[in-house]
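Dropping run02.txt in here (compact mmCIF, C-alpha atoms and all ligand atoms):
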```txt
# COMPACT_ATOMS: atom_id res chain seq x y z
CA MET N 1 -27.10 -26.94 33.25
CA LYS N 2 -27.66 -23.89 31.12
CA ILE N 3 -27.42 -20.67 33.07
CA LEU N 4 -28.23 -17.07 32.21
CA VAL N 5 -26.74 -14.23 34.27
CA VAL N 6 -28.47 -10.87 33.80
CA GLY N 7 -26.47 -7.62 33.97
CA SER N 8 -23.26 -6.11 32.67
CA GLY N 9 -21.06 -5.06 35.57
CA ALA N 10 -18.17 -6.44 37.58
CA ARG N 11 -20.69 -8.07 39.95
CA GLU N 12 -22.04 -10.10 37.03
CA HIS N 13 -18.53 -10.97 35.85
CA ALA N 14 -17.78 -12.28 39.36
CA LEU N 15 -20.99 -14.37 39.29
CA ILE N 16 -20.06 -15.73 35.85
CA TRP N 17 -16.54 -16.51 37.11
CA ALA N 18 -17.94 -18.48 40.06
CA LEU N 19 -20.55 -20.31 37.96
CA ALA N 20 -18.04 -21.15 35.20
CA ALA N 21 -16.05 -23.12 37.79
CA SER N 22 -18.97 -25.43 38.57
CA PRO N 23 -18.83 -28.94 37.08
CA LEU N 24 -22.63 -28.70 36.78
CA THR N 25 -22.45 -25.82 34.31
CA SER N 26 -22.67 -26.76 30.65
CA ARG N 27 -23.56 -23.43 29.02
CA LEU N 28 -23.28 -19.92 30.42
CA TYR N 29 -24.92 -16.82 28.97
CA CYS N 30 -24.74 -13.20 30.06
CA ALA N 31 -27.26 -10.53 29.03
CA PRO N 32 -25.92 -8.13 28.01
CA GLY N 33 -22.49 -8.73 29.62
CA ASN N 34 -19.14 -7.05 28.95
CA ALA N 35 -15.72 -7.95 27.53
CA GLY N 36 -14.86 -9.92 30.68
CA THR N 37 -18.02 -12.05 30.74
CA ALA N 38 -17.47 -12.75 27.01
CA GLU N 39 -14.35 -14.75 27.91
CA LEU N 40 -16.32 -17.22 30.08
CA ALA N 41 -19.85 -16.97 28.73
CA GLU N 42 -21.73 -16.12 25.59
CA ASN N 43 -22.93 -12.53 25.70
CA VAL N 44 -26.51 -12.03 24.53
CA PRO N 45 -27.49 -8.52 23.38
CA ILE N 46 -30.59 -8.12 25.60
CA ALA N 47 -30.86 -5.27 28.10
CA ALA N 48 -31.18 -6.21 31.77
CA THR N 49 -34.55 -4.39 31.88
CA ASP N 50 -36.07 -6.06 28.81
CA ILE N 51 -38.11 -8.59 30.78
CA ALA N 52 -40.07 -9.96 27.83
CA ALA N 53 -36.94 -10.58 25.75
CA LEU N 54 -35.05 -12.16 28.67
CA ALA N 55 -37.93 -14.52 29.43
CA GLU N 56 -38.31 -15.41 25.75
CA PHE N 57 -34.58 -16.13 25.44
CA ALA N 58 -34.63 -18.30 28.58
CA ARG N 59 -37.58 -20.27 27.24
CA ARG N 60 -36.16 -20.70 23.75
CA GLU N 61 -32.74 -21.83 25.03
CA SER N 62 -34.23 -24.08 27.76
CA ILE N 63 -32.28 -22.22 30.45
CA ASP N 64 -32.23 -24.10 33.78
CA LEU N 65 -31.39 -21.16 36.03
CA VAL N 66 -31.49 -17.37 35.66
CA VAL N 67 -29.31 -15.31 38.01
CA PRO N 68 -30.19 -11.61 37.95
CA GLY N 69 -27.38 -9.30 39.10
CA PRO N 70 -29.12 -5.91 39.46
CA GLU N 71 -32.45 -5.09 41.11
CA ALA N 72 -34.20 -3.51 38.13
CA PRO N 73 -35.27 -6.74 36.37
CA LEU N 74 -36.56 -8.13 39.69
CA VAL N 75 -38.58 -5.02 40.52
CA LEU N 76 -39.97 -5.22 36.96
CA GLY N 77 -41.13 -8.81 37.50
CA LEU N 78 -38.52 -11.00 35.79
CA ALA N 79 -38.87 -13.74 38.42
CA ASP N 80 -42.67 -13.73 37.98
CA ARG N 81 -42.35 -14.09 34.21
CA LEU N 82 -39.83 -16.91 34.54
CA ALA N 83 -41.98 -18.72 37.12
CA GLU N 84 -44.87 -18.69 34.64
CA ALA N 85 -42.56 -20.38 32.15
CA GLY N 86 -41.37 -22.91 34.74
CA ILE N 87 -37.80 -21.54 34.78
CA ARG N 88 -35.85 -21.15 38.02
CA CYS N 89 -34.77 -17.65 38.97
CA CYS N 90 -32.43 -16.94 41.89
CA GLY N 91 -34.13 -13.66 42.76
CA PRO N 92 -37.44 -12.58 44.28
CA LYS N 93 -40.73 -11.95 42.51
CA ALA N 94 -41.86 -8.33 42.17
CA GLU N 95 -43.91 -8.41 45.39
CA ALA N 96 -40.89 -9.33 47.51
CA ALA N 97 -38.57 -7.13 45.42
CA ARG N 98 -40.53 -4.18 46.85
CA LEU N 99 -38.07 -4.51 49.75
CA GLU N 100 -35.68 -2.59 47.52
CA GLY N 101 -38.24 -0.78 45.39
CA SER N 102 -40.03 0.89 48.31
CA LYS N 103 -38.41 2.09 51.53
CA ILE N 104 -41.85 2.48 53.09
CA PHE N 105 -42.59 -1.19 52.39
CA THR N 106 -39.29 -2.11 54.08
CA LYS N 107 -40.30 -0.11 57.16
CA GLN N 108 -43.65 -1.94 57.25
CA ILE N 109 -41.90 -5.31 57.13
CA ALA N 110 -39.42 -4.15 59.79
CA ALA N 111 -42.26 -3.05 62.08
CA GLU N 112 -44.16 -6.29 61.59
CA ALA N 113 -41.06 -8.43 62.17
CA GLY N 114 -39.72 -6.42 65.09
CA ILE N 115 -36.50 -5.58 63.23
CA PRO N 116 -34.48 -2.76 64.81
CA THR N 117 -34.31 0.26 62.48
CA ALA N 118 -34.27 4.08 62.56
CA ARG N 119 -37.48 5.78 63.79
CA HIS N 120 -39.33 7.46 60.94
CA GLU N 121 -42.50 9.18 59.69
CA VAL N 122 -43.98 9.06 56.18
CA PHE N 123 -45.17 12.16 54.27
CA ASP N 124 -46.69 12.89 50.87
CA ALA N 125 -47.20 16.66 51.23
CA PRO N 126 -44.61 19.36 51.97
CA GLY N 127 -46.64 21.24 54.66
CA PRO N 128 -46.85 18.42 57.24
CA ALA N 129 -43.29 17.28 56.40
CA LEU N 130 -41.87 20.77 57.06
CA ALA N 131 -43.92 21.07 60.26
CA HIS N 132 -42.50 17.74 61.41
CA LEU N 133 -38.95 18.88 60.62
CA ALA N 134 -39.46 21.97 62.78
CA ARG N 135 -39.91 19.66 65.76
CA LEU N 136 -36.70 17.67 65.13
CA SER N 137 -33.11 18.63 65.76
CA PRO N 138 -30.64 17.86 62.96
CA PRO N 139 -29.02 15.74 61.71
CA VAL N 140 -32.01 14.02 60.10
CA VAL N 141 -32.31 11.78 57.06
CA ILE N 142 -34.74 12.49 54.21
CA LYS N 143 -35.48 9.53 51.93
CA ALA N 144 -37.51 9.15 48.78
CA ASP N 145 -39.69 6.04 48.90
CA GLY N 146 -38.82 4.64 45.47
CA LEU N 147 -35.76 3.68 43.42
CA ALA N 148 -33.70 6.78 42.73
CA ALA N 149 -30.28 5.56 41.51
CA GLY N 150 -28.45 6.70 44.64
CA LYS N 151 -30.04 10.17 44.65
CA GLY N 152 -32.92 9.41 46.97
CA VAL N 153 -31.23 9.76 50.38
CA VAL N 154 -30.12 13.04 51.95
CA VAL N 155 -28.35 12.93 55.30
CA ALA N 156 -29.02 16.55 56.32
CA ALA N 157 -26.68 18.15 58.84
CA THR N 158 -28.81 21.29 59.13
CA ARG N 159 -32.52 22.12 59.09
CA ALA N 160 -32.04 24.20 55.92
CA GLU N 161 -30.59 21.20 54.11
CA ALA N 162 -33.42 18.99 55.33
CA GLU N 163 -36.05 21.51 54.21
CA ALA N 164 -34.40 21.82 50.81
CA ALA N 165 -34.53 18.04 50.37
CA VAL N 166 -38.21 17.90 51.39
CA ARG N 167 -39.02 20.65 48.88
CA ALA N 168 -36.95 19.02 46.12
CA PHE N 169 -38.79 15.70 46.54
CA LEU N 170 -42.35 16.78 47.41
CA GLU N 171 -42.69 20.26 45.83
CA GLU N 172 -40.40 20.24 42.82
CA GLY N 173 -40.88 16.54 42.11
CA ARG N 174 -37.18 16.18 41.39
CA LEU N 175 -37.28 12.38 41.54
CA GLY N 176 -40.68 12.05 39.90
CA GLU N 177 -42.81 9.16 41.12
CA ALA N 178 -39.96 7.75 43.28
CA GLY N 179 -40.09 10.89 45.47
CA ARG N 180 -43.86 11.31 45.68
CA ARG N 181 -43.73 9.88 49.21
CA ILE N 182 -40.83 10.41 51.58
CA LEU N 183 -39.57 9.27 54.95
CA ILE N 184 -38.11 11.57 57.53
CA GLU N 185 -35.85 9.42 59.58
CA GLU N 186 -33.70 9.49 62.68
CA CYS N 187 -29.98 9.69 61.83
CA LEU N 188 -28.09 6.65 63.08
CA GLU N 189 -24.44 6.71 64.05
CA GLY N 190 -21.88 3.96 63.77
CA GLU N 191 -20.10 1.85 61.17
CA GLU N 192 -21.99 0.67 58.14
CA VAL N 193 -21.75 -2.95 57.00
CA SER N 194 -23.43 -4.91 54.24
CA VAL N 195 -24.65 -8.40 55.14
CA PHE N 196 -25.65 -10.97 52.52
CA ALA N 197 -27.84 -14.04 52.86
CA LEU N 198 -28.98 -16.66 50.39
CA CYS N 199 -32.70 -17.28 50.96
CA ASP N 200 -35.12 -20.03 49.93
CA GLY N 201 -38.33 -18.31 51.01
CA GLU N 202 -38.08 -19.56 54.56
CA ARG N 203 -34.46 -20.23 55.50
CA ALA N 204 -31.37 -18.11 55.09
CA LEU N 205 -27.72 -19.01 54.69
CA PHE N 206 -25.11 -16.39 55.62
CA LEU N 207 -23.04 -15.36 52.57
CA GLY N 208 -20.72 -12.99 54.36
CA ALA N 209 -20.41 -9.39 55.39
CA ALA N 210 -18.47 -6.60 53.72
CA GLN N 211 -17.85 -2.89 53.93
CA ASP N 212 -17.90 -0.74 50.82
CA HIS N 213 -16.64 2.71 49.92
CA LYS N 214 -19.33 4.64 48.08
CA ARG N 215 -17.67 8.06 47.80
CA ARG N 216 -15.32 8.93 44.97
CA ASP N 217 -12.48 10.47 46.98
CA GLU N 218 -10.04 9.25 49.57
CA GLY N 219 -11.17 9.52 53.18
CA ASP N 220 -14.74 8.72 52.00
CA ARG N 221 -15.40 12.21 50.65
CA GLY N 222 -16.74 13.61 47.39
CA PRO N 223 -19.74 12.52 45.36
CA ASN N 224 -21.51 9.18 45.72
CA THR N 225 -20.61 6.56 43.13
CA GLY N 226 -21.68 3.03 42.28
CA GLY N 227 -18.84 1.94 44.58
CA MET N 228 -15.08 2.54 44.64
CA GLY N 229 -14.10 -0.57 46.58
CA ALA N 230 -15.04 -3.07 49.27
CA TYR N 231 -13.47 -5.57 51.61
CA ALA N 232 -14.48 -8.67 53.51
CA PRO N 233 -14.85 -9.71 56.19
CA PRO N 234 -15.08 -6.42 58.10
CA PRO N 235 -12.93 -6.63 61.25
CA VAL N 236 -15.84 -5.08 63.21
CA PHE N 237 -18.17 -7.92 62.21
CA SER N 238 -17.87 -10.72 64.78
CA LYS N 239 -19.45 -14.19 64.86
CA GLU N 240 -21.79 -12.88 67.57
CA LEU N 241 -22.92 -10.06 65.29
CA GLU N 242 -23.48 -12.55 62.49
CA ALA N 243 -25.78 -14.61 64.72
CA GLU N 244 -27.59 -11.49 65.91
CA VAL N 245 -28.14 -10.16 62.37
CA MET N 246 -29.32 -13.52 61.04
CA GLY N 247 -31.62 -14.09 64.03
CA ARG N 248 -33.03 -10.59 64.53
CA ILE N 249 -33.01 -9.11 61.04
CA ILE N 250 -32.73 -11.59 58.16
CA THR N 251 -34.83 -14.53 59.37
CA PRO N 252 -37.66 -12.37 60.81
CA ALA N 253 -37.85 -10.45 57.50
CA LEU N 254 -38.21 -13.74 55.59
CA ALA N 255 -40.92 -14.89 57.97
CA ALA N 256 -42.86 -11.61 57.61
CA LEU N 257 -42.68 -11.79 53.81
CA ALA N 258 -43.74 -15.43 53.77
CA ARG N 259 -46.73 -14.65 56.07
CA GLN N 260 -48.03 -12.09 53.63
CA GLY N 261 -47.72 -14.51 50.73
CA SER N 262 -44.59 -13.10 49.08
CA PRO N 263 -41.73 -15.39 50.11
CA PHE N 264 -38.25 -14.13 49.33
CA VAL N 265 -36.03 -16.31 47.15
CA GLY N 266 -32.59 -15.06 46.19
CA ILE N 267 -29.91 -12.91 47.74
CA LEU N 268 -31.00 -10.60 50.50
CA PHE N 269 -28.65 -7.70 51.22
CA ALA N 270 -29.12 -5.91 54.53
CA GLY N 271 -27.45 -2.51 54.83
CA LEU N 272 -26.84 -2.06 58.55
CA MET N 273 -25.57 0.55 60.93
CA LEU N 274 -23.68 -0.92 63.88
CA THR N 275 -24.92 1.46 66.56
CA ARG N 276 -24.14 1.49 70.26
CA GLU N 277 -27.52 -0.18 70.77
CA GLY N 278 -26.66 -2.96 68.31
CA PRO N 279 -27.12 -3.49 64.57
CA LYS N 280 -29.98 -1.53 62.99
CA LEU N 281 -31.39 -1.89 59.50
CA LEU N 282 -30.79 0.99 57.06
CA GLU N 283 -32.15 -0.71 53.98
CA PHE N 284 -32.74 -4.01 52.25
CA ASN N 285 -31.60 -4.74 48.72
CA VAL N 286 -32.75 -7.78 46.81
CA ARG N 287 -29.44 -8.71 45.15
CA PHE N 288 -25.70 -8.85 45.68
CA GLY N 289 -23.91 -5.55 46.28
CA ASP N 290 -21.47 -4.19 43.76
CA PRO N 291 -18.51 -4.16 44.54
CA GLU N 292 -19.23 -6.31 47.63
CA CYS N 293 -19.96 -9.33 45.42
CA GLU N 294 -16.49 -9.11 43.86
CA ALA N 295 -14.99 -9.14 47.37
CA LEU N 296 -17.19 -11.99 48.68
CA LEU N 297 -17.19 -14.60 45.92
CA PRO N 298 -13.40 -15.12 45.73
CA ARG N 299 -13.60 -16.25 49.39
CA LEU N 300 -16.09 -19.01 48.54
CA LYS N 301 -14.56 -22.49 48.61
CA SER N 302 -17.77 -24.38 47.73
CA ASP N 303 -19.44 -24.56 44.37
CA LEU N 304 -21.87 -21.62 44.17
CA LEU N 305 -24.28 -23.26 41.75
CA PRO N 306 -25.78 -25.98 44.02
CA GLY N 307 -26.38 -23.24 46.61
CA LEU N 308 -28.33 -21.09 44.16
CA LEU N 309 -30.33 -24.14 43.02
CA ALA N 310 -31.11 -25.14 46.61
CA ALA N 311 -32.39 -21.59 47.26
CA CYS N 312 -34.67 -21.77 44.21
CA ASP N 313 -35.94 -25.23 45.16
CA GLY N 314 -36.64 -24.41 48.83
CA GLU N 315 -33.92 -26.82 49.98
CA LEU N 316 -31.45 -24.68 51.91
CA GLY N 317 -32.26 -26.55 55.12
CA ALA N 318 -29.72 -29.28 54.46
CA PHE N 319 -27.22 -27.00 52.80
CA ASP N 320 -23.96 -25.38 53.78
CA LEU N 321 -21.26 -23.33 52.06
CA ARG N 322 -17.59 -23.25 52.97
CA TRP N 323 -15.43 -20.14 52.92
CA ARG N 324 -11.71 -19.51 52.82
CA ASP N 325 -10.30 -18.14 56.01
CA GLU N 326 -8.79 -15.21 54.11
CA ALA N 327 -9.39 -11.51 53.73
CA SER N 328 -10.32 -10.00 50.41
CA LEU N 329 -10.19 -6.47 49.11
CA ALA N 330 -11.66 -5.12 45.88
CA VAL N 331 -10.65 -1.84 44.26
CA VAL N 332 -12.53 -0.21 41.39
CA LEU N 333 -10.67 1.43 38.53
CA ALA N 334 -12.91 4.23 37.25
CA ALA N 335 -12.86 6.27 34.05
CA ARG N 336 -11.95 9.97 34.10
CA GLY N 337 -15.01 12.08 34.93
CA TYR N 338 -16.73 9.36 36.98
CA PRO N 339 -19.38 9.53 38.38
CA GLU N 340 -20.81 12.68 36.73
CA ASN N 341 -19.58 12.24 33.20
CA PRO N 342 -17.33 9.23 32.69
CA GLU N 343 -15.15 9.26 29.61
CA LYS N 344 -15.70 6.42 27.15
CA GLY N 345 -13.37 4.83 24.64
CA GLY N 346 -10.10 4.84 26.62
CA VAL N 347 -7.85 1.87 25.79
CA ILE N 348 -7.11 -0.40 28.77
CA GLU N 349 -3.77 -2.20 28.90
CA GLY N 350 -2.10 -4.56 31.34
CA VAL N 351 -5.15 -6.60 32.39
CA ASP N 352 -3.40 -9.95 31.78
CA ALA N 353 -0.33 -8.87 33.73
CA ALA N 354 -2.51 -7.65 36.59
CA GLY N 355 -4.40 -10.96 36.61
CA ARG N 356 -1.13 -12.87 37.00
CA THR N 357 -0.44 -11.16 40.35
CA PRO N 358 -0.75 -13.93 42.97
CA GLY N 359 -4.18 -13.99 44.61
CA VAL N 360 -5.63 -11.40 42.24
CA LEU N 361 -8.71 -11.57 40.03
CA VAL N 362 -9.71 -8.95 37.50
CA PHE N 363 -13.46 -8.46 37.04
CA HIS N 364 -14.68 -6.29 34.18
CA GLY N 365 -17.33 -3.62 34.65
CA GLY N 366 -17.68 -1.12 31.80
CA THR N 367 -15.54 -2.75 29.10
CA ALA N 368 -15.90 -3.84 25.48
CA ARG N 369 -13.67 -4.82 22.56
CA ASP N 370 -13.31 -2.38 19.67
CA ALA N 371 -13.12 -3.46 16.01
CA ALA N 372 -9.36 -4.03 16.39
CA GLY N 373 -9.93 -6.27 19.42
CA ARG N 374 -8.53 -3.76 21.90
CA LEU N 375 -10.08 -3.56 25.34
CA ILE N 376 -11.83 -0.21 25.81
CA ALA N 377 -13.65 1.49 28.67
CA THR N 378 -17.39 1.93 28.15
CA GLY N 379 -18.63 2.92 31.58
CA GLY N 380 -17.78 4.54 34.87
CA GLY N 381 -16.63 1.58 36.93
CA VAL N 382 -14.28 0.01 34.38
CA LEU N 383 -12.62 -2.85 36.29
CA THR N 384 -12.75 -4.27 39.81
CA LEU N 385 -9.54 -5.94 41.01
CA THR N 386 -9.95 -8.31 43.94
CA ALA N 387 -7.04 -9.64 45.96
CA THR N 388 -7.31 -12.35 48.60
CA ALA N 389 -4.61 -12.94 51.21
CA PRO N 390 -4.19 -14.18 54.78
CA THR N 391 -4.66 -10.64 56.13
CA LEU N 392 -6.52 -7.53 55.01
CA ARG N 393 -3.26 -5.61 54.88
CA GLU N 394 -1.68 -8.15 52.51
CA ALA N 395 -4.80 -8.23 50.38
CA GLN N 396 -4.61 -4.45 50.08
CA ALA N 397 -0.93 -4.57 49.08
CA ARG N 398 -1.65 -7.21 46.43
CA ALA N 399 -4.60 -5.33 44.97
CA TYR N 400 -2.56 -2.16 44.56
CA GLU N 401 0.40 -4.05 43.15
CA ALA N 402 -1.91 -5.46 40.46
CA LEU N 403 -3.51 -2.07 39.79
CA GLY N 404 -0.04 -0.66 39.18
CA ARG N 405 0.16 -2.96 36.13
CA ILE N 406 -2.95 -1.53 34.49
CA ARG N 407 -3.00 1.51 32.25
CA LEU N 408 -6.08 3.53 31.29
CA PRO N 409 -5.58 7.15 30.24
CA GLY N 410 -7.34 9.33 32.83
CA GLY N 411 -8.40 6.26 34.81
CA PHE N 412 -8.26 6.60 38.57
CA TYR N 413 -8.81 4.63 41.76
CA ARG N 414 -8.82 5.32 45.46
CA ARG N 415 -5.60 4.38 47.21
CA ASP N 416 -7.16 3.96 50.64
CA ILE N 417 -9.68 1.13 50.15
CA GLY N 418 -9.91 -0.78 53.42
CA TRP N 419 -8.74 2.08 55.67
CA ARG N 420 -11.62 1.75 58.09
CA GLY N 421 -11.00 -1.98 58.55
CA LEU N 422 -7.22 -1.66 58.70
CA GLY N 423 -7.57 0.84 61.52
CA LYS N 424 -9.09 -2.00 63.56
CA VAL N 425 -6.61 -4.86 63.04
P1 LIG F 501 -29.94 3.77 51.84
O1 LIG F 501 -30.20 3.86 50.36
O2 LIG F 501 -31.16 3.74 52.69
O3 LIG F 501 -28.91 2.75 52.22
O4 LIG F 501 -29.16 5.11 52.17
C1 LIG F 501 -27.95 5.44 51.53
C2 LIG F 501 -26.93 5.83 52.57
O5 LIG F 501 -27.43 6.88 53.40
C3 LIG F 501 -26.61 4.71 53.54
O6 LIG F 501 -25.64 3.87 53.01
C4 LIG F 501 -26.14 5.47 54.75
O7 LIG F 501 -24.79 5.88 54.60
C5 LIG F 501 -27.01 6.71 54.73
N1 LIG F 501 -28.18 6.54 55.61
C6 LIG F 501 -29.39 6.04 55.25
N2 LIG F 501 -30.23 6.05 56.30
C7 LIG F 501 -29.53 6.54 57.35
C8 LIG F 501 -29.86 6.79 58.73
N3 LIG F 501 -31.07 6.55 59.21
N4 LIG F 501 -28.89 7.31 59.51
C9 LIG F 501 -27.67 7.58 59.00
N5 LIG F 501 -27.31 7.38 57.73
C10 LIG F 501 -28.23 6.86 56.90
N1 LIG F 502 -22.46 -1.36 47.11
C1 LIG F 502 -23.79 -1.05 47.45
C2 LIG F 502 -24.79 -1.56 46.53
O1 LIG F 502 -24.53 -2.41 45.70
O2 LIG F 502 -25.94 -1.14 46.62
```
Entire entry expressed as structure tokens:
Amino acid sequence: MKILVVGSGAREHALIWALAASPLTSRLYCAPGNAGTAELAENVPIAATDIAALAEFARRESIDLVVPGPEAPLVLGLADRLAEAGIRCCGPKAEAARLEGSKIFTKQIAAEAGIPTARHEVFDAPGPALAHLARLSPPVVIKADGLAAGKGVVVAATRAEAEAAVRAFLEEGRLGEAGRRILIEECLEGEEVSVFALCDGERALFLGAAQDHKRRDEGDRGPNTGGMGAYAPPPVFSKELEAEVMGRIITPALAALARQGSPFVGILFAGLMLTREGPKLLEFNVRFGDPECEALLPRLKSDLLPGLLAACDGELGAFDLRWRDEASLAVVLAARGYPENPEKGGVIEGVDAAGRTPGVLVFHGGTARDAAGRLIATGGGVLTLTATAPTLREAQARAYEALGRIRLPGGFYRRDIGWRGLGKV
């Protein structure tokens, strides 16, 4: 089979790595890819958001399966375009991708499906929103409805902070169209986990749970990033919780989407808060998480490709995937200045040595080769190193041992990835 993976991060490198191992794969392409994907696939210089060019490439090359990594192409209708051309896409059409594109849509689906989630109200004008805030006691959460690249959620500890966020979104239009409507939401307390399910429009297959570290600095402080690390499975996530999340959150969401004529095919990512009253939905995403994907896929024993095909073909009913009974931990090496202003062009050394550490895989994020063939950093999250081991603690030790072999001037990583989970084992 000829397969096209869309995207250019470490998540896409991990997908390529898993698909390259399948005996069913004959050709692999990545658009646009990075220096890591280039070693296992042919990189194609098409941006992940250029829907027309991606669809045209898939048609011309008779691609059998397209696997989009990020949400943007799905929200823009890549799956719709490919369906018109009769090409399989392991990702939802634009209607169902609204689960990630609109937080208000997600709340509507949650209400219809009886999915537990934070109480909320929707506003499109500052006056009523501020009046509503005056009746609440902080903390409260202010959310822009649309896609806002991580800048659309403010967990406000004080009323002043909450009011400032309302004004920024609704008065100053700081997020443009994405912030034209907002939600004011109850603040949930507990541990956050990410749960992943492969979906065929009707049925869902559990792909694992993970916890990620979004903040730049140790102790989960500092600015939000695209992710500094992740680990799986989270010690807090029991078999009972898995059954509860699949039965009360994932499957009802699929049923609600199917009832309204927009069945969900692809990878559904539920961001959950494990509250004292049980798991509650924070958000849905319509793709794998990054760096959760890099932590999850190395634990997969089965061939990923037949699973993705079964999802596309509505045949997950008779399907199962097998997982290694091991822990995995992924650490991101970031470029100096990340996330505000990451430095580009730094030369990366030691990747091969790091990759020879037992149980360790090196996934490339922002990397390229320069004219001399040297590996250079081109983005914020430069590499993700994943270690698997019998225990989370051993996985952590292996990941850091491997990171010690890599050199990138000014590059940095958090030394405490996994701390929340390790506190529980
Ligand atoms: P979201 O994009 O909805 O996942 O929000 C980004 C982050 O904000 C989440 O990962 C949570 O850490 C936090 N968050 C979102 N909604 C809530 C909530 N209702 N209560 C507490 N924290 C929240
Ligand atoms: N790691 C969170 C995300 O991919 O959205």
*Check the smallest atom-to-atom distance from each of N:Leu272, N:Arg215, N:Cys199, N:Glu121 to Gln108 in chain N using all atoms listed in the file, then report the winner.*
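Looking at the shortest contact to Gln108 in chain N, the residue is N:Glu121.
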*asked:* Please report the interatomic distance between CA of Arg398 in chain N and CA of Leu361 in chain N in Å with one decimal.
replied: 10.5 Å
*Could you give me, as a PyMOL selection string, every polymer residue with an atom at most 8 Å away from an atom of ligand LIG 501 (chain F), counting all atoms listed in the file?*
chain N and resi 103+117-119+140-141+143+150+152-155+185-189+192+271+273+282-284
Would you tabulate, counting all atoms listed in the file, all residues of chain N that have an atom at most 9 Å from an atom of ligand LIG 502 (chain F), showing the closest pair of atoms and their distance in Å to one decimal, sorted by chain then ascending number, as a tab-separated table?
```
residue	atom	partner	partner_atom	distance
N:Arg11	CA	F:LIG502	O1	8.9
N:Pro70	CA	F:LIG502	O1	8.5
N:Gly150	CA	F:LIG502	O2	8.5
N:Ser194	CA	F:LIG502	C1	7.8
N:Gln211	CA	F:LIG502	N1	8.4
N:Asp212	CA	F:LIG502	N1	5.9
N:His213	CA	F:LIG502	N1	7.6
N:Lys214	CA	F:LIG502	N1	6.8
N:Gly226	CA	F:LIG502	N1	6.6
N:Gly227	CA	F:LIG502	N1	5.5
N:Met228	CA	F:LIG502	N1	8.7
N:Gly229	CA	F:LIG502	N1	8.4
N:Ala230	CA	F:LIG502	N1	7.9
N:Phe269	CA	F:LIG502	O2	8.5
N:Gly271	CA	F:LIG502	C1	8.4
N:Asn285	CA	F:LIG502	O2	7.0
N:Arg287	CA	F:LIG502	O1	8.0
N:Phe288	CA	F:LIG502	O1	6.5
N:Gly289	CA	F:LIG502	O1	3.3
N:Asp290	CA	F:LIG502	O1	4.0
N:Pro291	CA	F:LIG502	N1	5.5
N:Glu292	CA	F:LIG502	N1	5.9
N:Cys293	CA	F:LIG502	O1	8.3
```
Hey, can you spit out that residue selection with C-alpha atoms as a tab-separated table (two decimals), keeping the file's coordinate frame?
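This is the output file out05.tsv:
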```tsv
chain	number	residue	atom	x	y	z
N	11	ARG	CA	-20.69	-8.07	39.95
N	70	PRO	CA	-29.12	-5.91	39.46
N	150	GLY	CA	-28.45	6.70	44.64
N	194	SER	CA	-23.43	-4.91	54.24
N	211	GLN	CA	-17.85	-2.89	53.93
N	212	ASP	CA	-17.90	-0.74	50.82
N	213	HIS	CA	-16.64	2.71	49.92
N	214	LYS	CA	-19.33	4.64	48.08
N	226	GLY	CA	-21.68	3.03	42.28
N	227	GLY	CA	-18.84	1.94	44.58
N	228	MET	CA	-15.08	2.54	44.64
N	229	GLY	CA	-14.10	-0.57	46.58
N	230	ALA	CA	-15.04	-3.07	49.27
N	269	PHE	CA	-28.65	-7.70	51.22
N	271	GLY	CA	-27.45	-2.51	54.83
N	285	ASN	CA	-31.60	-4.74	48.72
N	287	ARG	CA	-29.44	-8.71	45.15
N	288	PHE	CA	-25.70	-8.85	45.68
N	289	GLY	CA	-23.91	-5.55	46.28
N	290	ASP	CA	-21.47	-4.19	43.76
N	291	PRO	CA	-18.51	-4.16	44.54
N	292	GLU	CA	-19.23	-6.31	47.63
N	293	CYS	CA	-19.96	-9.33	45.42
```
*May I have the protein, DNA and RNA residues with any atom at most 6 Å from the point (-26.9, -10.3, 27.9), counting only C-alpha atoms, written as a list in words?*
Cys30, Ala31, Pro32, Gly33, Asn43, Val44, Pro45 and Ile46 of chain N
Keeping only C-alpha atoms, write the selected residues as an mmCIF file, in the frame of the given file.
```cif
data_model
loop_
_atom_site.group_PDB
_atom_site.id
_atom_site.type_symbol
_atom_site.label_atom_id
_atom_site.label_comp_id
_atom_site.auth_asym_id
_atom_site.auth_seq_id
_atom_site.Cartn_x
_atom_site.Cartn_y
_atom_site.Cartn_z
ATOM 1 C CA CYS N 30 -24.740 -13.200 30.060
ATOM 2 C CA ALA N 31 -27.260 -10.530 29.030
ATOM 3 C CA PRO N 32 -25.920 -8.130 28.010
ATOM 4 C CA GLY N 33 -22.490 -8.730 29.620
ATOM 5 C CA ASN N 43 -22.930 -12.530 25.700
ATOM 6 C CA VAL N 44 -26.510 -12.030 24.530
ATOM 7 C CA PRO N 45 -27.490 -8.520 23.380
ATOM 8 C CA ILE N 46 -30.590 -8.120 25.600
#
```
_Radius query 6 Å about (-38.6, -14.2, 44.7), atoms used: all atoms listed in the file, as a list in words_ =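 Returned residue set, sorted by chain then number, is Gly91, Pro92, Lys93, Phe264 and Val265 of chain N.
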*Give the answer as one residue: which of N:Pro342, N:Pro252, N:Pro390, N:Gly418 has the shortest atom-to-atom distance to Gly219 in chain N, using all atoms listed in the file?*
N:Gly418
_Atomic distance CA of Glu56 in chain N - CA of Gly266 in chain N, expressed in Å with one decimal_ =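 Going from CA of Glu56 in chain N over to CA of Gly266 in chain N covers 21.2 Å.
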_List as a VMD selection string the protein and nucleic acid residues near Leu205 in chain N, meaning an atom at most 8 Å away when all atoms listed in the file are counted, but skip any in the same chain fewer than 5 places from it._
chain N and resid 197 to 199 316 320
